[in-house]
>>> print(open('work13.txt').read())   # compact mmCIF, C-alpha atoms and all ligand atoms
# COMPACT_ATOMS: atom_id res chain seq x y z
CA MET A 16 25.80 -64.35 -5.81
CA ARG A 17 24.45 -64.61 -2.31
CA SER A 18 27.10 -62.26 -0.94
CA ILE A 19 26.49 -59.79 -3.76
CA ARG A 20 22.78 -59.85 -3.02
CA CYS A 21 23.49 -59.40 0.71
CA THR A 22 25.78 -56.48 -0.05
CA LEU A 23 23.14 -54.92 -2.27
CA VAL A 24 20.45 -55.35 0.37
CA PHE A 25 22.76 -53.97 3.04
CA SER A 26 23.68 -51.00 0.86
CA LEU A 27 20.03 -50.34 0.12
CA LEU A 28 19.14 -50.49 3.81
CA ALA A 29 22.04 -48.19 4.66
CA LEU A 30 20.87 -45.76 1.98
CA ILE A 31 17.28 -45.81 3.22
CA SER A 32 18.27 -45.45 6.87
CA SER A 33 20.69 -42.61 6.11
CA SER A 34 17.98 -40.72 4.22
CA ILE A 35 15.54 -41.29 7.08
CA LEU A 36 18.05 -40.33 9.74
CA ALA A 37 19.51 -37.37 7.86
CA ALA A 38 18.52 -34.15 9.58
CA PRO A 39 16.69 -31.74 7.24
CA ALA A 40 19.40 -29.13 7.77
CA ALA A 41 22.06 -31.60 6.70
CA THR A 42 20.16 -32.11 3.45
CA VAL A 43 19.96 -28.40 2.62
CA LYS A 44 23.41 -27.77 4.02
CA SER A 45 24.99 -30.56 1.98
CA ALA A 46 23.20 -29.32 -1.16
CA MET A 47 24.77 -25.93 -0.53
CA LEU A 48 28.22 -27.56 -0.55
CA GLU A 49 27.73 -29.49 -3.77
CA PRO A 50 27.69 -27.49 -7.03
CA GLY A 51 24.59 -28.16 -9.12
CA LYS A 52 20.82 -28.01 -8.79
CA HIS A 53 19.13 -29.99 -6.04
CA HIS A 54 15.39 -30.56 -5.71
CA LEU A 55 14.60 -31.37 -2.08
CA SER A 56 11.43 -32.22 -0.22
CA ILE A 57 11.83 -31.66 3.51
CA LEU A 58 9.51 -33.60 5.79
CA ILE A 59 8.07 -31.68 8.75
CA LYS A 60 6.23 -33.77 11.32
CA ALA A 61 3.85 -32.79 14.11
CA PRO A 62 1.66 -35.16 16.17
CA ASN A 63 -0.78 -36.81 13.72
CA GLN A 64 0.18 -34.36 10.96
CA SER A 65 2.99 -33.87 8.52
CA THR A 66 3.88 -31.86 5.46
CA ASN A 67 6.71 -31.38 3.01
CA ILE A 68 8.54 -28.22 2.07
CA PRO A 69 9.62 -28.19 -1.61
CA ILE A 70 13.03 -26.54 -1.90
CA THR A 71 15.40 -26.02 -4.82
CA VAL A 72 19.03 -25.43 -3.89
CA VAL A 73 21.18 -24.03 -6.69
CA THR A 74 24.87 -24.03 -5.85
CA GLY A 75 27.43 -22.42 -8.10
CA LEU A 76 30.88 -23.70 -8.96
CA MET A 77 32.47 -20.78 -7.11
CA PRO A 78 31.88 -19.89 -3.46
CA GLY A 79 29.84 -16.77 -2.77
CA PRO A 80 26.89 -15.36 -0.86
CA LYS A 81 24.02 -17.52 0.36
CA LEU A 82 20.58 -16.20 -0.48
CA LEU A 83 17.25 -17.54 0.76
CA VAL A 84 14.14 -16.95 -1.35
CA LEU A 85 11.00 -17.68 0.66
CA ALA A 86 7.68 -18.05 -1.15
CA GLY A 87 4.33 -19.48 -0.12
CA ILE A 88 4.43 -18.49 3.55
CA HIS A 89 0.83 -17.71 2.64
CA GLY A 90 -0.54 -20.54 0.52
CA ALA A 91 -2.88 -18.51 -1.71
CA GLU A 92 -0.24 -16.00 -2.83
CA TYR A 93 0.36 -17.52 -6.22
CA SER A 94 2.50 -15.02 -8.14
CA PRO A 95 5.42 -15.35 -5.67
CA ILE A 96 5.09 -19.14 -5.69
CA ARG A 97 5.08 -19.30 -9.50
CA ALA A 98 7.98 -16.84 -9.70
CA SER A 99 10.03 -18.97 -7.29
CA GLN A 100 9.32 -22.10 -9.35
CA GLN A 101 10.18 -20.38 -12.63
CA PHE A 102 13.37 -18.93 -11.14
CA GLY A 103 14.41 -22.33 -9.76
CA ILE A 104 14.01 -23.90 -13.20
CA GLU A 105 15.83 -21.05 -14.99
CA LEU A 106 18.75 -20.59 -12.61
CA ASP A 107 21.98 -22.06 -13.99
CA PRO A 108 24.49 -23.22 -11.35
CA GLU A 109 27.30 -22.61 -13.83
CA LYS A 110 26.43 -18.93 -13.93
CA ILE A 111 26.26 -18.12 -10.23
CA LYS A 112 28.60 -17.81 -7.26
CA GLY A 113 27.41 -19.11 -3.91
CA SER A 114 24.05 -20.74 -3.24
CA VAL A 115 20.42 -19.79 -3.76
CA VAL A 116 18.01 -21.72 -1.55
CA ILE A 117 14.48 -21.38 -2.92
CA VAL A 118 11.58 -22.41 -0.70
CA HIS A 119 8.76 -22.63 -3.23
CA ILE A 120 5.80 -23.26 -0.93
CA ALA A 121 6.65 -22.88 2.75
CA ASN A 122 3.03 -23.50 3.68
CA LEU A 123 1.99 -26.49 1.58
CA PRO A 124 -1.05 -27.30 3.80
CA ALA A 125 -2.46 -23.81 3.08
CA PHE A 126 -1.63 -24.09 -0.64
CA ARG A 127 -3.25 -27.49 -1.00
CA GLY A 128 -6.20 -26.36 1.12
CA ARG A 129 -6.65 -23.19 -1.03
CA SER A 130 -6.60 -21.31 2.25
CA ILE A 131 -6.02 -17.58 2.79
CA TYR A 132 -4.15 -16.23 5.85
CA THR A 133 -4.10 -19.43 7.90
CA SER A 134 -3.24 -23.10 7.59
CA PRO A 135 -6.06 -25.65 7.64
CA ALA A 136 -3.67 -27.90 9.60
CA ASP A 137 -3.78 -25.82 12.79
CA GLY A 138 -5.66 -22.58 12.07
CA LEU A 139 -2.48 -20.51 12.51
CA ASN A 140 -1.06 -17.77 10.30
CA LEU A 141 2.48 -18.97 9.51
CA ASN A 142 3.64 -15.38 9.24
CA ARG A 143 2.66 -14.72 12.87
CA VAL A 144 4.34 -17.68 14.56
CA PHE A 145 8.04 -17.00 13.92
CA PRO A 146 10.58 -17.93 15.19
CA GLY A 147 8.51 -21.09 15.64
CA ASN A 148 8.46 -23.92 18.12
CA ALA A 149 10.14 -27.32 17.74
CA SER A 150 7.40 -29.05 19.74
CA GLY A 151 4.43 -26.96 18.56
CA SER A 152 1.81 -27.41 15.84
CA LEU A 153 2.65 -27.90 12.17
CA SER A 154 2.89 -24.17 11.32
CA GLN A 155 5.08 -23.54 14.37
CA ARG A 156 7.36 -26.40 13.35
CA ILE A 157 7.65 -25.09 9.78
CA ALA A 158 8.72 -21.71 11.20
CA PHE A 159 11.15 -23.42 13.57
CA PHE A 160 12.71 -25.42 10.74
CA LEU A 161 13.25 -22.22 8.75
CA THR A 162 14.74 -20.18 11.61
CA ASN A 163 16.70 -23.01 13.21
CA ASP A 164 17.95 -24.99 10.23
CA ILE A 165 17.97 -22.61 7.25
CA TYR A 166 18.36 -18.99 8.38
CA PRO A 167 21.73 -19.56 10.12
CA LEU A 168 23.17 -20.69 6.76
CA MET A 169 22.09 -17.48 4.98
CA ASP A 170 23.56 -14.07 4.19
CA ALA A 171 20.26 -12.55 3.03
CA VAL A 172 16.55 -13.42 3.01
CA LEU A 173 13.85 -12.41 0.54
CA ASP A 174 10.38 -13.14 1.96
CA VAL A 175 8.07 -12.92 -1.02
CA HIS A 176 4.35 -12.23 -0.68
CA SER A 177 1.46 -10.76 -2.62
CA GLY A 178 -1.97 -9.59 -1.62
CA ASP A 179 -3.64 -12.73 -0.27
CA GLY A 180 -6.36 -14.56 -2.22
CA ASN A 181 -8.92 -11.94 -1.15
CA GLU A 182 -6.67 -8.89 -1.34
CA ASP A 183 -5.98 -6.45 -4.17
CA LEU A 184 -2.48 -4.93 -3.85
CA GLU A 185 -1.07 -2.22 -6.10
CA PRO A 186 1.57 -1.00 -6.64
CA ALA A 187 4.10 -3.73 -5.91
CA TRP A 188 6.62 -2.82 -3.23
CA THR A 189 9.54 -4.07 -1.20
CA GLY A 190 9.85 -3.38 2.53
CA TYR A 191 12.68 -3.38 5.05
CA TYR A 192 12.89 -2.85 8.79
CA ALA A 193 14.31 0.65 9.11
CA LYS A 194 14.36 0.65 12.91
CA ALA A 195 15.10 -2.93 13.88
CA GLY A 196 18.43 -4.70 14.02
CA SER A 197 21.97 -3.35 13.91
CA ALA A 198 22.85 -0.34 11.75
CA GLU A 199 24.71 -2.67 9.40
CA VAL A 200 21.71 -5.00 8.98
CA VAL A 201 19.38 -2.03 8.43
CA GLU A 202 21.73 -0.61 5.79
CA GLN A 203 22.10 -3.94 3.97
CA SER A 204 18.35 -4.61 4.12
CA LYS A 205 17.64 -1.14 2.75
CA ALA A 206 20.10 -1.74 -0.10
CA LEU A 207 18.36 -5.05 -0.90
CA ALA A 208 14.94 -3.37 -0.87
CA PHE A 209 16.04 -0.78 -3.45
CA ALA A 210 18.14 -3.22 -5.49
CA PHE A 211 15.11 -5.47 -6.05
CA GLY A 212 14.07 -2.72 -8.43
CA PHE A 213 10.41 -2.07 -7.69
CA LYS A 214 9.32 1.53 -7.92
CA HIS A 215 8.01 1.63 -4.33
CA VAL A 216 9.82 0.86 -1.07
CA VAL A 217 8.33 0.77 2.44
CA PRO A 218 10.60 1.46 5.43
CA PHE A 219 8.83 -0.46 8.23
CA GLU A 220 8.52 1.61 11.39
CA TRP A 221 8.28 -1.38 13.66
CA GLU A 222 10.96 -1.77 16.34
CA PHE A 223 11.84 -4.74 18.47
CA SER A 224 14.15 -5.37 21.34
CA GLN A 225 13.56 -9.09 21.80
CA ARG A 226 13.86 -11.82 19.24
CA GLU A 227 10.57 -13.34 20.50
CA GLU A 228 8.70 -10.25 19.24
CA ALA A 229 9.84 -10.95 15.68
CA ILE A 230 6.79 -12.99 14.68
CA TRP A 231 7.07 -12.35 10.91
CA ALA A 232 9.40 -14.40 8.69
CA GLY A 233 11.38 -11.32 7.63
CA SER A 234 11.63 -9.78 11.09
CA ALA A 235 12.81 -13.12 12.52
CA ALA A 236 15.73 -13.02 10.07
CA VAL A 237 16.60 -9.45 11.01
CA ALA A 238 16.42 -10.41 14.70
CA MET A 239 19.07 -13.04 13.95
CA GLY A 240 21.30 -10.44 12.32
CA ILE A 241 20.50 -11.46 8.73
CA PRO A 242 19.55 -8.72 6.23
CA ALA A 243 16.03 -9.36 4.95
CA ILE A 244 13.28 -7.75 2.93
CA ASP A 245 9.62 -8.38 2.29
CA VAL A 246 8.44 -8.37 -1.31
CA GLU A 247 4.76 -7.72 -2.11
CA CYS A 248 3.58 -8.19 -5.70
CA GLY A 249 0.33 -9.50 -7.19
CA GLY A 250 -2.76 -10.76 -5.38
CA MET A 251 -6.42 -11.79 -5.53
CA GLY A 252 -5.60 -15.47 -5.92
CA VAL A 253 -4.37 -15.03 -9.49
CA PRO A 254 -0.93 -16.02 -10.79
CA GLU A 255 -0.43 -12.94 -12.99
CA ALA A 256 2.22 -13.09 -15.75
CA GLU A 257 3.19 -9.46 -15.20
CA ALA A 258 3.68 -9.93 -11.44
CA ILE A 259 5.59 -13.20 -11.93
CA ASP A 260 7.95 -11.55 -14.44
CA ALA A 261 8.49 -8.58 -12.12
CA ILE A 262 9.36 -10.85 -9.18
CA VAL A 263 11.73 -13.01 -11.26
CA MET A 264 13.44 -9.83 -12.49
CA GLY A 265 13.77 -8.75 -8.84
CA PHE A 266 15.47 -12.05 -8.03
CA ARG A 267 17.92 -11.57 -10.89
CA ARG A 268 18.62 -8.02 -9.79
CA THR A 269 19.23 -9.25 -6.24
CA LEU A 270 21.78 -11.82 -7.41
CA GLY A 271 23.53 -9.10 -9.40
CA HIS A 272 23.45 -6.76 -6.39
CA LEU A 273 25.01 -9.43 -4.15
CA GLY A 274 27.72 -10.24 -6.70
CA MET A 275 26.36 -13.75 -7.29
CA THR A 276 26.11 -13.15 -11.04
CA ASN A 277 27.80 -10.80 -13.47
CA GLU A 278 24.47 -9.30 -14.50
CA THR A 279 24.20 -5.58 -13.92
CA PHE A 280 21.01 -3.56 -13.95
CA ARG A 281 20.29 0.12 -14.00
CA ALA A 282 18.30 1.44 -11.08
CA PRO A 283 14.75 2.46 -11.99
CA ASN A 284 14.49 6.14 -12.88
CA THR A 285 12.34 7.07 -9.93
CA GLN A 286 11.88 5.12 -6.74
CA LYS A 287 9.43 6.26 -4.10
CA ILE A 288 9.11 5.74 -0.38
CA ILE A 289 5.68 4.69 0.88
CA TYR A 290 5.02 6.09 4.34
CA ASP A 291 2.23 6.88 6.82
CA ARG A 292 0.20 3.78 5.99
CA LYS A 293 -3.25 4.13 7.57
CA SER A 294 -5.53 1.11 7.73
CA VAL A 295 -9.29 1.06 8.27
CA LYS A 296 -10.59 -1.98 10.13
CA SER A 297 -14.00 -3.57 9.95
CA PRO A 298 -16.21 -2.82 12.99
CA ASN A 299 -18.32 -5.95 12.39
CA ASP A 300 -18.51 -9.28 10.66
CA GLY A 301 -20.25 -8.71 7.36
CA SER A 302 -20.27 -8.57 3.60
CA TRP A 303 -17.94 -6.04 1.96
CA ILE A 304 -18.63 -4.06 -1.19
CA SER A 305 -15.42 -2.43 -2.40
CA LEU A 306 -15.87 0.65 -4.61
CA LYS A 307 -12.25 1.26 -5.63
CA LYS A 308 -9.19 -0.54 -6.94
CA ALA A 309 -5.78 -0.78 -5.32
CA GLY A 310 -3.50 1.81 -6.90
CA ASP A 311 -6.26 4.46 -7.04
CA LEU A 312 -5.57 7.91 -5.63
CA VAL A 313 -8.24 8.74 -3.06
CA LYS A 314 -9.31 11.78 -1.06
CA SER A 315 -9.80 12.14 2.67
CA GLY A 316 -13.43 11.27 3.50
CA GLU A 317 -14.06 9.60 0.15
CA LEU A 318 -16.33 6.55 0.29
CA LEU A 319 -14.17 3.50 -0.48
CA GLY A 320 -16.62 0.75 0.32
CA VAL A 321 -19.66 -0.36 2.27
CA LEU A 322 -20.02 -3.14 4.81
CA THR A 323 -23.45 -4.77 4.92
CA ASP A 324 -25.10 -7.41 7.06
CA TRP A 325 -26.04 -10.78 5.59
CA HIS A 326 -29.26 -9.26 4.22
CA GLY A 327 -27.42 -6.49 2.41
CA ARG A 328 -28.36 -3.68 4.80
CA THR A 329 -25.62 -1.10 5.34
CA LEU A 330 -23.68 -1.48 8.59
CA PHE A 331 -20.74 0.80 7.92
CA GLU A 332 -19.60 3.28 5.30
CA ALA A 333 -15.82 2.99 5.01
CA ARG A 334 -14.19 6.29 4.12
CA SER A 335 -10.59 7.16 3.42
CA PRO A 336 -8.79 8.50 6.52
CA LYS A 337 -6.56 10.73 4.35
CA ASP A 338 -5.59 11.82 0.87
CA GLY A 339 -3.30 9.20 -0.61
CA LEU A 340 -2.70 6.02 -2.53
CA LEU A 341 -5.05 3.07 -1.97
CA LEU A 342 -2.31 0.51 -1.38
CA LEU A 343 -4.39 -2.52 -0.44
CA ARG A 344 -8.08 -3.38 -0.31
CA LEU A 345 -10.14 -6.45 0.40
CA SER A 346 -11.46 -7.58 -2.95
CA ALA A 347 -13.77 -10.37 -1.74
CA PRO A 348 -16.95 -9.89 0.31
CA PRO A 349 -16.46 -12.02 3.46
CA VAL A 350 -15.10 -9.90 6.33
CA HIS A 351 -14.49 -10.62 9.99
CA LYS A 352 -14.65 -7.96 12.68
CA GLY A 353 -11.27 -6.30 13.15
CA GLU A 354 -9.87 -7.19 9.73
CA THR A 355 -8.23 -4.54 7.58
CA LEU A 356 -10.61 -3.36 4.85
CA PHE A 357 -8.02 -1.18 3.14
CA ILE A 358 -4.79 0.76 3.59
CA VAL A 359 -4.19 4.30 2.34
CA ALA A 360 -0.61 5.60 2.24
CA SER A 361 1.49 8.57 1.19
CA THR A 362 4.39 8.46 -1.23
CA GLN A 363 7.48 10.57 -1.63
CA SER A 364 10.15 10.49 -4.33
CA VAL A 365 13.67 9.45 -3.40
CA ASP A 366 16.46 11.63 -4.76
ZN ZN B 1 1.57 -13.03 2.55
>>> encode(input="work13.txt", output="structure tokens")
Amino acid sequence: MRSIRCTLVFSLLALISSSILAAPAATVKSAMLEPGKHHLSILIKAPNQSTNIPITVVTGLMPGPKLLVLAGIHGAEYSPIRASQQFGIELDPEKIKGSVVIVHIANLPAFRGRSIYTSPADGLNLNRVFPGNASGSLSQRIAFFLTNDIYPLMDAVLDVHSGDGNEDLEPAWTGYYAKAGSAEVVEQSKALAFAFGFKHVVPFEWEFSQREEAIWAGSAAVAMGIPAIDVECGGMGVPEAEAIDAIVMGFRRTLGHLGMTNETFRAPNTQKIIYDRKSVKSPNDGSWISLKKAGDLVKSGELLGVLTDWHGRTLFEARSPKDGLLLLRLSAPPVHKGETLFIVASTQSVD
């Protein structure tokens, strides 16, 4: 009896210590080797602060591609977060090849703090601190965990966003780095961007020569030679059913595209490139009155909104810099100097 109890205690201690000592990567990595569905919670620690990253790993019975779905880099972008949760629940390991690693809420401090752009833990924008820093603040350590422990295991990355809690975004689009990374990575990223199935695709013009300049989650993947796209769908702090469904459908299409499922989808009839995105920034702190909706067609010089001081007196009339599609606008009044009030872009059909 005594020896059985000792053995039990010893086994329990061994179990506890192994789970404490297990490196986070080993946890995700081992889940990717074991067919089935694994719900993980990865602890990230910084001095006097810590957080968890909720991850679902779905590993098929057959080997195949490894896909990372990243949601909640921005904690108030709810449609991507909900879509990732719904997809994680729906995905059947018996029907896929390879592994899908779904990070549901990369930035849990921002989600729990109902915070736009930045994390209340350290005031940093997680999507500006990649590739991260192992000895930095909490956001920097989250980024480091992703680039150091997860990205190297992956064949493709989907970084899923929406307009932030104060941003109206329409139409939904996917984006890829058209001028960064090897020709092969650019080609594969482009194919992912179109395969996701949204009507609009943005080829990012940004170029980089050093990995350290890749401060966005998607660009950090491309800098490491991993095909990646950004997805933008939904916004204004609302988990919209239509946006959630569209994102989940994009995930399914991506798995089909990568050969991870047998599902096949027809390409949308018309896909368009969004180009020449022009943003108008706020010249002052103030209170913003937006006069249009994202998705509206606007004319050059047209009044799109007014910035006032705290008393309501006009500081700045914001006019469209060109004819085009109002792709993004601030929907909520608080504005800081230098922030983007709206973006107007051109579109062109793809043959
Ligand atoms: Zn975002």
>>> residues_around(input="work13.txt", residues="region 42-50 of chain A", least_positions_apart="5", cutoff="12 Å", atoms="all atoms listed in the file", output="PyMOL selection string")
chain A and resi 33-37+55-58+68-83+107-118+160-161+164-169
>>> residues_near_ligand(input="work13.txt", ligand="ligand ZN 1 (chain B)", cutoff="12 Å", atoms="only C-alpha atoms and all ligand atoms", output="compact mmCIF listing (two decimals) with C-alpha atoms, in the coordinates of the input")
# COMPACT_ATOMS: atom_id res chain seq x y z
CA LEU A 85 11.00 -17.68 0.66
CA ALA A 86 7.68 -18.05 -1.15
CA GLY A 87 4.33 -19.48 -0.12
CA ILE A 88 4.43 -18.49 3.55
CA HIS A 89 0.83 -17.71 2.64
CA GLY A 90 -0.54 -20.54 0.52
CA ALA A 91 -2.88 -18.51 -1.71
CA GLU A 92 -0.24 -16.00 -2.83
CA TYR A 93 0.36 -17.52 -6.22
CA SER A 94 2.50 -15.02 -8.14
CA PRO A 95 5.42 -15.35 -5.67
CA ILE A 96 5.09 -19.14 -5.69
CA ILE A 120 5.80 -23.26 -0.93
CA ALA A 121 6.65 -22.88 2.75
CA ASN A 122 3.03 -23.50 3.68
CA ALA A 125 -2.46 -23.81 3.08
CA PHE A 126 -1.63 -24.09 -0.64
CA SER A 130 -6.60 -21.31 2.25
CA ILE A 131 -6.02 -17.58 2.79
CA TYR A 132 -4.15 -16.23 5.85
CA THR A 133 -4.10 -19.43 7.90
CA ASN A 140 -1.06 -17.77 10.30
CA LEU A 141 2.48 -18.97 9.51
CA ASN A 142 3.64 -15.38 9.24
CA ARG A 143 2.66 -14.72 12.87
CA ASP A 174 10.38 -13.14 1.96
CA VAL A 175 8.07 -12.92 -1.02
CA HIS A 176 4.35 -12.23 -0.68
CA SER A 177 1.46 -10.76 -2.62
CA GLY A 178 -1.97 -9.59 -1.62
CA ASP A 179 -3.64 -12.73 -0.27
CA GLY A 180 -6.36 -14.56 -2.22
CA ASN A 181 -8.92 -11.94 -1.15
CA GLU A 182 -6.67 -8.89 -1.34
CA LEU A 184 -2.48 -4.93 -3.85
CA TRP A 231 7.07 -12.35 10.91
CA ALA A 232 9.40 -14.40 8.69
CA GLY A 233 11.38 -11.32 7.63
CA ASP A 245 9.62 -8.38 2.29
CA VAL A 246 8.44 -8.37 -1.31
CA GLU A 247 4.76 -7.72 -2.11
CA CYS A 248 3.58 -8.19 -5.70
CA GLY A 249 0.33 -9.50 -7.19
CA GLY A 250 -2.76 -10.76 -5.38
CA MET A 251 -6.42 -11.79 -5.53
CA GLY A 252 -5.60 -15.47 -5.92
>>> residues_around(input="work13.txt", residues="Gly212 (chain A)", least_positions_apart="2", cutoff="8 Å", atoms="all atoms listed in the file", output="ChimeraX atom specification")
/A:208-210,214,265,268,282-283
>>> closest_residue(input="work13.txt", among="A:Lys287, A:Arg281, A:His119, A:Arg129", to="Val216 (chain A)", atoms="all atoms listed in the file")
A:Lys287
>>> residues_around(input="work13.txt", residues="Glu220 (chain A)", least_positions_apart="4", cutoff="12 Å", atoms="only C-alpha atoms", output="JSON, numbers by chain")
{"A": [190, 191, 192, 193, 194, 195, 201, 234, 289, 290, 291, 292]}
>>> atom_distance(input="work13.txt", atom1="CA of Glu185 (chain A)", atom2="CA of Trp221 (chain A)")
21.9 Å
>>> atom_distance(input="work13.txt", atom1="CA of Ala235 (chain A)", atom2="CA of Val200 (chain A)")
12.6 Å
>>> closest_residue(input="work13.txt", among="A:Ala136, A:Leu123, A:Leu342, A:Ala238", to="Val295 (chain A)", atoms="all atoms listed in the file")
A:Leu342
>>> closest_residue(input="work13.txt", among="A:Ile104, A:Val84, A:Val350, A:Val172", to="Lys52 (chain A)", atoms="all atoms listed in the file")
A:Ile104
>>> closest_residue(input="work13.txt", among="A:Ser197, A:Ala360, A:Pro146, A:Val217", to="Ala229 (chain A)", atoms="only C-alpha atoms")
A:Pro146
>>> atom_distance(input="work13.txt", atom1="CA of Arg127 (chain A)", atom2="CA of Glu354 (chain A)")
23.9 Å
>>> residues_around(input="work13.txt", residues="Ser150 (chain A)", least_positions_apart="6", cutoff="12 Å", atoms="only C-alpha atoms", output="list in words")
Ile59, Lys60, Ala61, Pro62, Arg156, Ile157, Ala158, Phe159 and Phe160 of chain A
>>> write_last_selection(input="work13.txt", atoms="C-alpha atoms", output="PDB file, in the frame of the given file")
ATOM      1  CA  ILE A  59       8.070 -31.680   8.750  1.00  0.00           C
ATOM      2  CA  LYS A  60       6.230 -33.770  11.320  1.00  0.00           C
ATOM      3  CA  ALA A  61       3.850 -32.790  14.110  1.00  0.00           C
ATOM      4  CA  PRO A  62       1.660 -35.160  16.170  1.00  0.00           C
ATOM      5  CA  ARG A 156       7.360 -26.400  13.350  1.00  0.00           C
ATOM      6  CA  ILE A 157       7.650 -25.090   9.780  1.00  0.00           C
ATOM      7  CA  ALA A 158       8.720 -21.710  11.200  1.00  0.00           C
ATOM      8  CA  PHE A 159      11.150 -23.420  13.570  1.00  0.00           C
ATOM      9  CA  PHE A 160      12.710 -25.420  10.740  1.00  0.00           C
TER      10      PHE A 160
END
>>> axis_aligned_box(input="work13.txt", around="region 289-301 of chain A", padding_each_side="6 Å", output="AutoDock Vina command-line options")
--center_x -7.3 --center_y -1.2 --center_z 6.9 --size_x 37.9 --size_y 28.2 --size_z 24.1
>>> closest_residue(input="work13.txt", among="A:Lys352, A:Ala258, A:Lys314, A:Thr162", to="Gly301 (chain A)", atoms="all atoms listed in the file")
A:Lys352
>>> closest_residue(input="work13.txt", among="A:Phe102, A:Trp303, A:Phe211, A:Phe331", to="Ala243 (chain A)", atoms="only C-alpha atoms")
A:Phe211
>>> residues_around(input="work13.txt", residues="region 320-327 of chain A", least_positions_apart="6", cutoff="7 Å", atoms="only C-alpha atoms", output="PyMOL selection string")
chain A and resi 301-306+333
>>> build_atoms(input="work13.txt", residues="region 244-249 of chain A", atoms="all heavy atoms", output="PDB file, in the coordinates of the input")
ATOM      1  N   ILE A 244      14.336  -8.645   3.403  1.00  0.00           N
ATOM      2  CA  ILE A 244      13.280  -7.750   2.930  1.00  0.00           C
ATOM      3  C   ILE A 244      12.001  -8.546   2.699  1.00  0.00           C
ATOM      4  O   ILE A 244      12.033  -9.766   2.525  1.00  0.00           O
ATOM      5  CB  ILE A 244      13.643  -7.007   1.622  1.00  0.00           C
ATOM      6  CG1 ILE A 244      13.853  -7.983   0.452  1.00  0.00           C
ATOM      7  CG2 ILE A 244      14.854  -6.125   1.829  1.00  0.00           C
ATOM      8  CD1 ILE A 244      13.929  -7.294  -0.912  1.00  0.00           C
ATOM      9  N   ASP A 245      10.891  -7.827   2.730  1.00  0.00           N
ATOM     10  CA  ASP A 245       9.620  -8.380   2.290  1.00  0.00           C
ATOM     11  C   ASP A 245       9.380  -7.878   0.870  1.00  0.00           C
ATOM     12  O   ASP A 245       9.678  -6.727   0.560  1.00  0.00           O
ATOM     13  CB  ASP A 245       8.469  -7.880   3.172  1.00  0.00           C
ATOM     14  CG  ASP A 245       8.463  -8.568   4.532  1.00  0.00           C
ATOM     15  OD1 ASP A 245       9.458  -9.238   4.855  1.00  0.00           O
ATOM     16  OD2 ASP A 245       7.475  -8.409   5.253  1.00  0.00           O
ATOM     17  N   VAL A 246       8.832  -8.748   0.042  1.00  0.00           N
ATOM     18  CA  VAL A 246       8.440  -8.370  -1.310  1.00  0.00           C
ATOM     19  C   VAL A 246       6.928  -8.565  -1.392  1.00  0.00           C
ATOM     20  O   VAL A 246       6.413  -9.582  -0.929  1.00  0.00           O
ATOM     21  CB  VAL A 246       9.140  -9.255  -2.370  1.00  0.00           C
ATOM     22  CG1 VAL A 246       8.677  -8.897  -3.777  1.00  0.00           C
ATOM     23  CG2 VAL A 246      10.650  -9.143  -2.253  1.00  0.00           C
ATOM     24  N   GLU A 247       6.213  -7.602  -1.957  1.00  0.00           N
ATOM     25  CA  GLU A 247       4.760  -7.720  -2.110  1.00  0.00           C
ATOM     26  C   GLU A 247       4.405  -7.406  -3.559  1.00  0.00           C
ATOM     27  O   GLU A 247       4.619  -6.282  -4.024  1.00  0.00           O
ATOM     28  CB  GLU A 247       4.023  -6.733  -1.188  1.00  0.00           C
ATOM     29  CG  GLU A 247       4.202  -7.002   0.296  1.00  0.00           C
ATOM     30  CD  GLU A 247       3.258  -8.082   0.844  1.00  0.00           C
ATOM     31  OE1 GLU A 247       2.376  -8.551   0.085  1.00  0.00           O
ATOM     32  OE2 GLU A 247       3.419  -8.444   2.019  1.00  0.00           O
ATOM     33  N   CYS A 248       3.873  -8.396  -4.277  1.00  0.00           N
ATOM     34  CA  CYS A 248       3.580  -8.190  -5.700  1.00  0.00           C
ATOM     35  C   CYS A 248       2.508  -9.174  -6.156  1.00  0.00           C
ATOM     36  O   CYS A 248       2.676 -10.380  -6.006  1.00  0.00           O
ATOM     37  CB  CYS A 248       4.869  -8.396  -6.512  1.00  0.00           C
ATOM     38  SG  CYS A 248       4.694  -8.104  -8.277  1.00  0.00           S
ATOM     39  N   GLY A 249       1.424  -8.648  -6.718  1.00  0.00           N
ATOM     40  CA  GLY A 249       0.330  -9.500  -7.190  1.00  0.00           C
ATOM     41  C   GLY A 249      -0.733  -9.663  -6.114  1.00  0.00           C
ATOM     42  O   GLY A 249      -0.682  -9.018  -5.065  1.00  0.00           O
TER      43      GLY A 249
END
